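Asker: Enclosed is the structure file run37.txt (compact mmCIF, C-alpha atoms).
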# COMPACT_ATOMS: atom_id res chain seq x y z
CA MET Q 936 -27.38 32.75 35.39
CA ILE Q 937 -26.90 28.99 35.20
CA PRO Q 938 -25.44 27.32 38.31
CA LEU Q 939 -21.82 26.31 38.88
CA CYS Q 940 -21.80 23.18 41.00
CA SER Q 941 -20.02 20.02 42.09
CA PRO Q 942 -21.08 16.58 40.81
CA GLN Q 943 -22.92 15.96 44.09
CA GLN Q 944 -24.93 19.19 43.68
CA ALA Q 945 -25.82 18.65 40.02
CA LYS Q 946 -29.37 18.20 38.82
CA THR Q 947 -29.83 14.79 37.22
CA PRO Q 948 -30.28 12.96 34.93
CA THR Q 949 -27.97 14.71 32.47
CA THR Q 950 -26.93 14.89 28.87
CA LEU Q 951 -23.33 15.98 29.26
CA ALA Q 952 -20.51 17.43 27.20
CA LEU Q 953 -17.23 16.41 28.81
CA GLY Q 954 -14.02 18.40 28.38
CA SER Q 955 -12.06 21.50 29.32
CA PHE Q 956 -13.68 23.71 26.65
CA ASP Q 957 -11.26 26.55 27.41
CA GLY Q 958 -12.18 29.43 25.13
CA LEU Q 959 -15.43 27.84 23.93
CA HIS Q 960 -14.34 28.13 20.30
CA ALA Q 961 -16.38 26.72 17.40
CA GLY Q 962 -15.05 23.19 17.90
CA HIS Q 963 -16.12 23.23 21.54
CA ARG Q 964 -19.51 24.66 20.67
CA ARG Q 965 -20.11 21.84 18.21
CA VAL Q 966 -19.52 19.25 20.94
CA ILE Q 967 -21.82 21.13 23.31
CA ALA Q 968 -24.58 21.48 20.70
CA SER Q 969 -24.89 17.70 20.49
CA VAL Q 970 -26.19 17.50 24.07
CA THR Q 971 -28.60 20.44 23.91
CA GLU Q 972 -30.75 18.97 21.13
CA THR Q 973 -31.93 15.98 23.14
CA ASP Q 974 -35.32 16.95 24.56
CA HIS Q 975 -36.55 13.38 24.08
CA LEU Q 976 -34.17 12.22 26.82
CA GLU Q 977 -35.75 14.50 29.46
CA ALA Q 978 -32.36 15.30 30.96
CA ILE Q 979 -30.43 18.42 31.98
CA PRO Q 980 -27.96 19.69 29.31
CA THR Q 981 -24.69 19.92 31.23
CA VAL Q 982 -21.04 20.78 30.68
CA VAL Q 983 -18.61 18.79 32.84
CA SER Q 984 -14.98 19.89 33.31
CA PHE Q 985 -12.13 19.12 35.69
CA TRP Q 986 -10.88 21.81 38.08
CA PRO Q 987 -8.03 22.44 38.53
CA HIS Q 988 -6.45 21.23 35.30
CA PRO Q 989 -5.02 17.69 35.72
CA ARG Q 990 -1.52 18.82 34.72
CA GLU Q 991 -1.51 21.32 37.58
CA VAL Q 992 -2.10 18.52 40.08
CA LEU Q 993 0.03 15.81 38.50
CA HIS Q 994 2.96 17.82 37.17
CA GLY Q 995 2.82 21.17 38.97
CA GLU Q 996 2.34 23.03 35.69
CA PRO Q 997 0.38 26.28 36.03
CA ARG Q 998 -2.44 26.37 33.48
CA LEU Q 999 -3.85 29.81 32.81
CA ARG Q 1000 -7.39 29.85 31.46
CA LEU Q 1001 -8.96 31.80 28.64
CA ASP Q 1002 -12.23 31.61 30.56
CA LEU Q 1003 -12.49 31.20 34.32
CA PRO Q 1004 -15.46 29.11 35.51
CA GLU Q 1005 -17.55 32.13 36.53
CA GLU Q 1006 -16.96 33.74 33.13
CA LYS Q 1007 -17.91 30.53 31.38
CA LEU Q 1008 -21.41 30.60 32.90
CA GLU Q 1009 -22.32 33.68 30.85
CA LEU Q 1010 -21.08 31.98 27.69
CA LEU Q 1011 -22.72 28.59 28.22
CA GLU Q 1012 -26.22 29.78 29.01
CA PRO Q 1013 -26.99 31.12 25.49
CA LEU Q 1014 -25.84 27.74 24.11
CA GLY Q 1015 -28.65 25.94 25.93
CA ILE Q 1016 -26.53 24.52 28.76
CA GLN Q 1017 -28.34 24.54 32.12
CA GLN Q 1018 -25.46 23.83 34.52
CA LEU Q 1019 -21.66 23.76 34.66
CA VAL Q 1020 -20.30 20.92 36.78
CA LEU Q 1021 -16.70 21.11 37.97
CA VAL Q 1022 -15.22 17.77 38.97
CA PRO Q 1023 -12.55 18.46 41.63
CA PHE Q 1024 -9.37 16.95 40.24
CA ASN Q 1025 -7.05 15.57 42.88
CA ARG Q 1026 -4.67 12.64 43.20
CA GLN Q 1027 -7.47 10.39 44.45
CA LEU Q 1028 -9.53 11.05 41.34
CA ALA Q 1029 -6.41 10.60 39.21
CA GLN Q 1030 -6.11 7.03 40.48
CA LEU Q 1031 -9.53 6.01 39.19
CA SER Q 1032 -9.38 3.69 36.22
CA ALA Q 1033 -11.29 4.65 33.10
CA ALA Q 1034 -14.01 2.15 34.00
CA GLU Q 1035 -14.26 3.46 37.58
CA PHE Q 1036 -14.55 7.06 36.40
CA VAL Q 1037 -17.37 6.25 34.00
CA GLU Q 1038 -19.21 4.10 36.56
CA GLN Q 1039 -18.78 6.32 39.61
CA VAL Q 1040 -18.85 9.86 38.19
CA LEU Q 1041 -20.61 9.87 34.81
CA LEU Q 1042 -23.17 7.12 35.32
CA GLY Q 1043 -23.44 6.98 39.10
CA CYS Q 1044 -23.24 10.59 40.27
CA LEU Q 1045 -24.34 12.47 37.15
CA LYS Q 1046 -26.71 9.80 35.80
CA ALA Q 1047 -25.68 10.55 32.23
CA ARG Q 1048 -28.11 9.59 29.48
CA GLN Q 1049 -25.93 10.89 26.67
CA ILE Q 1050 -22.25 11.90 26.59
CA ALA Q 1051 -20.39 14.01 24.02
CA VAL Q 1052 -16.62 14.50 23.75
CA GLY Q 1053 -14.05 15.69 21.24
CA ALA Q 1054 -12.04 13.13 19.27
CA ASN Q 1055 -8.88 13.75 21.32
CA PHE Q 1056 -10.48 13.14 24.73
CA ARG Q 1057 -8.48 10.99 27.18
CA PHE Q 1058 -9.33 10.01 30.74
CA GLY Q 1059 -8.68 7.59 33.57
CA ARG Q 1060 -5.52 6.61 35.43
CA GLY Q 1061 -2.46 7.42 33.30
CA ARG Q 1062 -4.81 8.64 30.52
CA GLU Q 1063 -5.55 5.00 29.77
CA GLY Q 1064 -8.98 5.67 28.31
CA ASP Q 1065 -9.79 7.16 24.91
CA THR Q 1066 -13.01 7.72 22.99
CA ASN Q 1067 -13.28 4.04 22.08
CA THR Q 1068 -12.98 3.13 25.77
CA LEU Q 1069 -15.63 5.66 26.71
CA ARG Q 1070 -18.00 4.46 24.03
CA ALA Q 1071 -17.63 0.81 25.03
CA LEU Q 1072 -18.13 1.49 28.76
CA ALA Q 1073 -21.06 3.87 28.36
CA GLU Q 1074 -22.91 2.03 25.64
CA ALA Q 1075 -22.70 -1.17 27.69
CA ALA Q 1076 -24.89 0.72 30.17
CA GLY Q 1077 -27.24 1.93 27.42
CA VAL Q 1078 -25.78 5.44 27.21
CA GLN Q 1079 -25.05 6.88 23.77
CA VAL Q 1080 -21.67 8.55 23.20
CA SER Q 1081 -21.10 11.17 20.51
CA VAL Q 1082 -17.48 11.72 19.42
CA LEU Q 1083 -17.06 14.94 17.45
CA PRO Q 1084 -14.08 15.32 15.07
CA ILE Q 1085 -11.53 18.08 15.62
CA LEU Q 1086 -12.65 21.18 13.74
CA GLU Q 1087 -10.19 22.78 11.30
CA ASP Q 1088 -10.12 26.05 9.44
CA ALA Q 1089 -7.71 27.62 6.98
CA GLY Q 1090 -5.14 28.06 9.76
CA GLY Q 1091 -5.23 24.44 10.93
CA ARG Q 1092 -6.79 22.74 13.92
CA MET Q 1093 -9.13 24.87 15.99
CA SER Q 1094 -7.57 24.92 19.45
CA SER Q 1095 -7.19 26.89 22.66
CA SER Q 1096 -3.42 26.90 22.03
CA ARG Q 1097 -3.89 28.94 18.83
CA ILE Q 1098 -5.97 31.47 20.72
CA ARG Q 1099 -3.33 31.79 23.44
CA ALA Q 1100 -0.61 32.23 20.82
CA ALA Q 1101 -2.57 35.02 19.13
CA LEU Q 1102 -3.13 36.78 22.46
CA SER Q 1103 0.54 36.43 23.41
CA ASN Q 1104 1.44 38.17 20.13
CA GLY Q 1105 -1.05 40.96 20.83
CA ASP Q 1106 -3.14 39.83 17.84
CA LEU Q 1107 -6.60 40.56 19.23
CA GLN Q 1108 -8.30 40.29 15.85
CA SER Q 1109 -7.15 36.70 15.26
CA ALA Q 1110 -7.95 35.76 18.85
CA SER Q 1111 -11.47 37.16 18.53
CA GLU Q 1112 -12.04 35.39 15.22
CA LEU Q 1113 -11.00 32.07 16.77
CA LEU Q 1114 -13.08 32.67 19.89
CA GLY Q 1115 -16.09 33.77 17.89
CA ARG Q 1116 -16.42 36.76 20.26
CA PRO Q 1117 -14.27 39.55 21.70
CA TYR Q 1118 -11.65 38.53 24.26
CA ARG Q 1119 -12.30 40.11 27.68
CA PHE Q 1120 -11.06 39.94 31.23
CA ARG Q 1121 -12.11 41.52 34.49
CA GLY Q 1122 -10.46 42.80 37.62
CA THR Q 1123 -11.06 44.79 40.76
CA VAL Q 1124 -9.77 48.37 40.92
CA VAL Q 1125 -7.20 48.69 43.72
CA ARG Q 1126 -5.08 51.55 44.97
CA GLY Q 1127 -1.85 52.19 43.06
CA ARG Q 1128 0.99 54.67 43.45
CA GLY Q 1129 -1.03 57.61 42.14
CA LEU Q 1130 1.73 58.45 39.66
CA GLY Q 1131 -0.65 58.47 36.69
CA ARG Q 1132 -2.86 61.01 38.39
CA ASP Q 1133 0.16 63.19 39.15
CA LEU Q 1134 1.11 63.06 35.46
CA GLY Q 1135 -2.41 64.01 34.41
CA TRP Q 1136 -3.25 60.50 33.26
CA PRO Q 1137 -5.15 58.82 36.13
CA THR Q 1138 -5.33 55.05 35.78
CA ALA Q 1139 -7.41 52.30 37.31
CA ASN Q 1140 -5.03 49.65 38.63
CA LEU Q 1141 -6.66 46.25 38.22
CA GLN Q 1142 -6.19 43.19 40.39
CA VAL Q 1143 -6.85 40.31 37.99
CA ASP Q 1144 -7.32 36.66 38.97
CA GLY Q 1145 -3.89 35.06 38.60
CA ARG Q 1146 -5.41 32.07 36.77
CA LYS Q 1147 -6.60 34.23 33.86
CA PHE Q 1148 -4.63 34.21 30.59
CA LEU Q 1149 -3.76 37.78 29.60
CA PRO Q 1150 -2.47 39.17 26.27
CA GLY Q 1151 1.19 39.93 25.61
CA LEU Q 1152 2.79 42.93 27.29
CA GLY Q 1153 2.20 46.30 25.72
CA VAL Q 1154 -0.11 49.28 25.36
CA TYR Q 1155 -3.58 48.68 23.94
CA ALA Q 1156 -6.62 50.56 22.76
CA ALA Q 1157 -9.42 49.06 24.83
CA ARG Q 1158 -13.03 49.27 25.89
CA ALA Q 1159 -14.10 49.02 29.51
CA TRP Q 1160 -17.32 48.55 31.40
CA THR Q 1161 -18.03 49.39 35.01
CA GLN Q 1162 -20.25 47.44 37.34
CA ARG Q 1163 -22.21 50.05 39.25
CA ASP Q 1164 -25.61 50.07 40.90
CA GLY Q 1165 -26.35 46.49 39.92
CA GLU Q 1166 -25.54 46.98 36.24
CA GLY Q 1167 -24.25 44.14 34.09
CA LYS Q 1168 -20.66 43.01 33.87
CA GLY Q 1169 -19.80 44.34 30.47
CA GLU Q 1170 -22.06 42.24 28.28
CA GLY Q 1171 -23.78 45.23 26.68
CA LYS Q 1172 -25.89 46.31 29.69
CA SER Q 1173 -23.69 49.25 30.69
CA GLU Q 1174 -21.93 51.88 28.61
CA ALA Q 1175 -18.72 50.88 26.84
CA LEU Q 1176 -16.02 53.37 27.83
CA PRO Q 1177 -13.07 54.01 25.46
CA ALA Q 1178 -9.73 53.48 27.19
CA VAL Q 1179 -6.01 52.97 26.77
CA MET Q 1180 -4.48 50.08 28.71
CA ASN Q 1181 -0.93 49.31 29.77
CA LEU Q 1182 -0.16 45.68 30.48
CA GLY Q 1183 3.23 44.92 31.96
CA PRO Q 1184 5.91 46.38 34.24
CA GLN Q 1185 6.73 50.07 34.52
CA PRO Q 1186 10.27 50.30 33.10
CA THR Q 1187 10.53 54.08 33.40
CA VAL Q 1188 9.13 54.36 36.95
CA ASP Q 1189 10.42 51.13 38.51
CA PRO Q 1190 12.14 48.55 36.27
CA ASN Q 1191 11.93 45.94 39.06
CA SER Q 1192 8.18 46.24 39.64
CA PRO Q 1193 5.94 43.27 38.77
CA SER Q 1194 3.61 43.40 35.79
CA ALA Q 1195 0.47 45.45 36.28
CA VAL Q 1196 -2.78 46.15 34.44
CA GLU Q 1197 -3.51 49.88 34.25
CA VAL Q 1198 -6.52 51.35 32.45
CA HIS Q 1199 -6.99 55.03 31.67
CA LEU Q 1200 -10.53 56.00 30.63
CA LEU Q 1201 -10.41 58.46 27.74
CA ASP Q 1202 -12.05 61.82 28.42
CA ARG Q 1203 -13.97 60.51 31.44
CA ARG Q 1204 -13.45 60.88 35.19
CA ILE Q 1205 -15.23 58.20 37.22
CA GLU Q 1206 -14.47 57.06 40.76
CA LEU Q 1207 -13.68 53.38 40.31
CA MET Q 1208 -11.94 52.32 43.52
CA GLY Q 1209 -13.18 48.92 44.69
CA GLN Q 1210 -15.33 48.36 41.61
CA GLU Q 1211 -15.05 45.56 39.10
CA LEU Q 1212 -13.99 46.60 35.61
CA VAL Q 1213 -14.47 44.47 32.51
CA VAL Q 1214 -11.85 45.18 29.85
CA GLU Q 1215 -11.82 44.34 26.14
CA PRO Q 1216 -8.42 44.99 24.55
CA VAL Q 1217 -9.10 45.96 20.94
CA GLU Q 1218 -5.69 46.59 19.36
CA ARG Q 1219 -2.09 46.57 20.51
CA LEU Q 1220 -0.64 50.04 19.89
CA ARG Q 1221 2.98 49.41 20.85
CA GLY Q 1222 5.25 47.30 22.99
CA GLN Q 1223 6.76 48.18 26.35
CA GLN Q 1224 9.56 50.73 26.29
CA ARG Q 1225 11.65 52.78 28.71
CA PHE Q 1226 11.70 56.59 28.54
CA SER Q 1227 14.30 59.10 29.69
CA GLY Q 1228 12.00 60.53 32.35
CA LEU Q 1229 8.44 61.27 33.46
CA GLU Q 1230 8.01 64.16 31.01
CA GLU Q 1231 8.77 61.95 28.02
CA LEU Q 1232 6.56 59.23 29.48
CA SER Q 1233 3.64 61.65 29.87
CA ALA Q 1234 4.05 62.84 26.27
CA GLN Q 1235 3.99 59.25 25.01
CA ILE Q 1236 0.86 58.47 27.04
CA GLY Q 1237 -0.77 61.44 25.29
CA GLN Q 1238 0.17 59.95 21.92
CA ASP Q 1239 -1.12 56.54 23.01
CA ALA Q 1240 -4.42 58.08 24.11
CA GLU Q 1241 -4.89 59.81 20.76
CA ALA Q 1242 -4.04 56.62 18.87
CA ALA Q 1243 -6.57 54.73 20.99
CA ARG Q 1244 -9.29 57.35 20.31
CA GLN Q 1245 -8.75 57.02 16.58
CA ARG Q 1246 -8.76 53.23 16.66
CA LEU Q 1247 -11.89 53.01 18.79
CA GLN Q 1248 -13.75 55.48 16.57
CA ALA Q 1249 -12.86 53.51 13.44
CA PRO Q 1250 -15.37 50.98 12.06
CA ALA Q 1251 -14.93 47.48 13.49
CA GLY Q 1252 -12.51 45.35 11.48
Here is a file; write its structure as structure tokens.
Answerer:
Amino acid sequence: MIPLCSPQQAKTPTTLALGSFDGLHAGHRRVIASVTETDHLEAIPTVVSFWPHPREVLHGEPRLRLDLPEEKLELLEPLGIQQLVLVPFNRQLAQLSAAEFVEQVLLGCLKARQIAVGANFRFGRGREGDTNTLRALAEAAGVQVSVLPILEDAGGRMSSSRIRAALSNGDLQSASELLGRPYRFRGTVVRGRGLGRDLGWPTANLQVDGRKFLPGLGVYAARAWTQRDGEGKGEGKSEALPAVMNLGPQPTVDPNSPSAVEVHLLDRRIELMGQELVVEPVERLRGQQRFSGLEELSAQIGQDAEAARQRLQAPAG
């Protein structure tokens, strides 16, 4: 696994792709590719991002991520990136001018020999710097800057916002097409109320990192992977388990309860408490609804389970 490090810990010199790259869609991958094909520079291909998101620090806006930093490591390594550098974003960094940021962070600390960004990249105090600013500052120091145009497809501009919108609508197929891979998340199995087990439908209750962007509320056909005995984290090294997932509150049991992620493994009984589970929602089966009682709820879960079996047995697409 490639390292996740601070600018001070990074291996240098670098060829670096600079940006958030949330989702690592095709547009992001094109920017990244431009710094991995530079063997003649004898530098470390690197992705550099800010953490937390600047708008969280400056405006108090929570920014949920399609990929958390640890998840991004698994995605960047096959692209030829050798390290992910997170620049801690705070108010002190926010006060650096564009020139100071380039001189102190990119050239000074990271010893950049080549820099790549997307065409909409902005940086520096008050977002004063754009790609022209970056090119002028870097090239004055002999560092080449590649500015990649925004990628478009039949649906418009390729963007993380489009992926989030698709996930919010429960449209996993569109989200996966935009991502270029299945959408997944992970969580630790924690103790729940035990109601599912009492109903005959035991569920794994997942504690998911609160910074992770999750799909819209509803019931989904899903696949899940366990991490046991040193096995992989769901990237094809362990068996994919068919499942049905409920994402959201429990309107029949407790209408005032917070949203939860509950996963029922289909036709399998595995002790999961304390383990990490990787989940891939495949298709939204229905939205949240309230039932007259536990008997009706149990019957509906049975219907959901059968619908999930059929969907997961069907050919992909």
Asker: Skipping near chain neighbours, those fewer than 3 positions away, what residues fall within 7 Å of Ala1195 (chain Q) using all atoms listed in the file, listed as an MDAnalysis selection string?
Answerer: chainID Q and resid 1182:1184
Asker: Pick out the closest residue to Leu1069 (chain Q) from this set: Q:Leu1201, Q:Val1179, Q:Leu1041, Q:Ala1101. Count only C-alpha atoms.
Answerer: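 With only C-alpha atoms as the atom set, the closest residue is Q:Leu1041.
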Asker: Would you mind reading off the distance between CA of Asn1025 (chain Q) and CA of Gln943 (chain Q), one decimal, in Å?
Answerer: 15.9 Å
Asker: Pick from Q:Gln1039, Q:Ser1095, Q:Gln1223, Q:Ser941: nearest to Ser955 (chain Q), with only C-alpha atoms counted?
Answerer: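 Of all the options, Q:Ser1095 lies closest to Ser955 (chain Q).
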Asker: Could you check how far CA of Val983 (chain Q) sits from CA of Arg965 (chain Q), in Å to one decimal?
Answerer: 15.0 Å
Asker: Taking the point (-13.7, 0.7, 26.4) as given in the file, collect each protein or nucleic acid residue that comes within 12 Å of it, counting only C-alpha atoms, and present the set as a list in words.
Answerer: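 Checking each residue against the 12 Å limit leaves Ser1032, Ala1033, Ala1034, Glu1035, Phe1036, Val1037, Arg1057, Phe1058, Gly1059, Glu1063, Gly1064, Asp1065, Thr1066, Asn1067, Thr1068, Leu1069, Arg1070, Ala1071, Leu1072, Ala1073, Glu1074, Ala1075, Ala1076 and Val1080 of chain Q.
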Asker: Using CA of Ser1173 (chain Q) and CA of Glu1211 (chain Q) as the two end points, give the distance in Å to one decimal.
Answerer: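 If I compute the distance from CA of Ser1173 (chain Q) to CA of Glu1211 (chain Q), I get 12.6 Å.
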Asker: Pick out the closest residue to Gln1049 (chain Q) from this set: Q:His975, Q:Val992, Q:Ser1096, Q:Pro1013. Count only C-alpha atoms.
Answerer: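 Closest residue, counting only C-alpha atoms: Q:His975.
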Asker: Taking all atoms listed in the file into account, name the residue in Q:Ile967, Q:Leu1003, Q:Leu1207, Q:Leu1149 that is nearest to Gly1053 (chain Q).
Answerer: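 Answer, going by the shortest atom-to-atom distance: Q:Ile967.
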Asker: Give as a PyMOL selection string the set of residues within 8 Å of the point (-10.3, 32.4, 31.3), where distances use the file's coordinates and only C-alpha atoms.
Answerer: chain Q and resi 957-958+999-1004+1006-1007+1120+1146-1148
Asker: Which residues are close to Val1125 (chain Q), i.e. within 10 Å by all atoms listed in the file, leaving aside same-chain residues fewer than 5 positions away? Reply as a VMD selection string.
Answerer: chain Q and resid 1139 to 1142 1207 to 1211
Asker: Can you pull out every residue within 10 Å of Ala1242 (chain Q), counting only C-alpha atoms, but drop anything in the same chain fewer than 6 positions away, and send it as a PyMOL selection string?
Answerer: chain Q and resi 1155-1156+1179+1220+1236
Asker: How about saving the chosen residues, C-alpha atoms kept, as a compact mmCIF listing (two decimals), in the frame of the given file?
Answerer:
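This is the output file result-v9.txt:
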# COMPACT_ATOMS: atom_id res chain seq x y z
CA TYR Q 1155 -3.58 48.68 23.94
CA ALA Q 1156 -6.62 50.56 22.76
CA VAL Q 1179 -6.01 52.97 26.77
CA LEU Q 1220 -0.64 50.04 19.89
CA ILE Q 1236 0.86 58.47 27.04
Asker: Which residue is closest to Thr973 (chain Q)? Choose from Q:Arg1026, Q:Arg1062, Q:His960, Q:Arg1048 and count all atoms listed in the file.
Answerer: Q:Arg1048
Asker: Excluding Leu1083 (chain Q) and residues on its chain fewer than 3 positions from it, collect all residues at most 7 Å away from it, counting all atoms listed in the file, and give them as an MDAnalysis selection string.
Answerer: chainID Q and resid 966 1052:1054
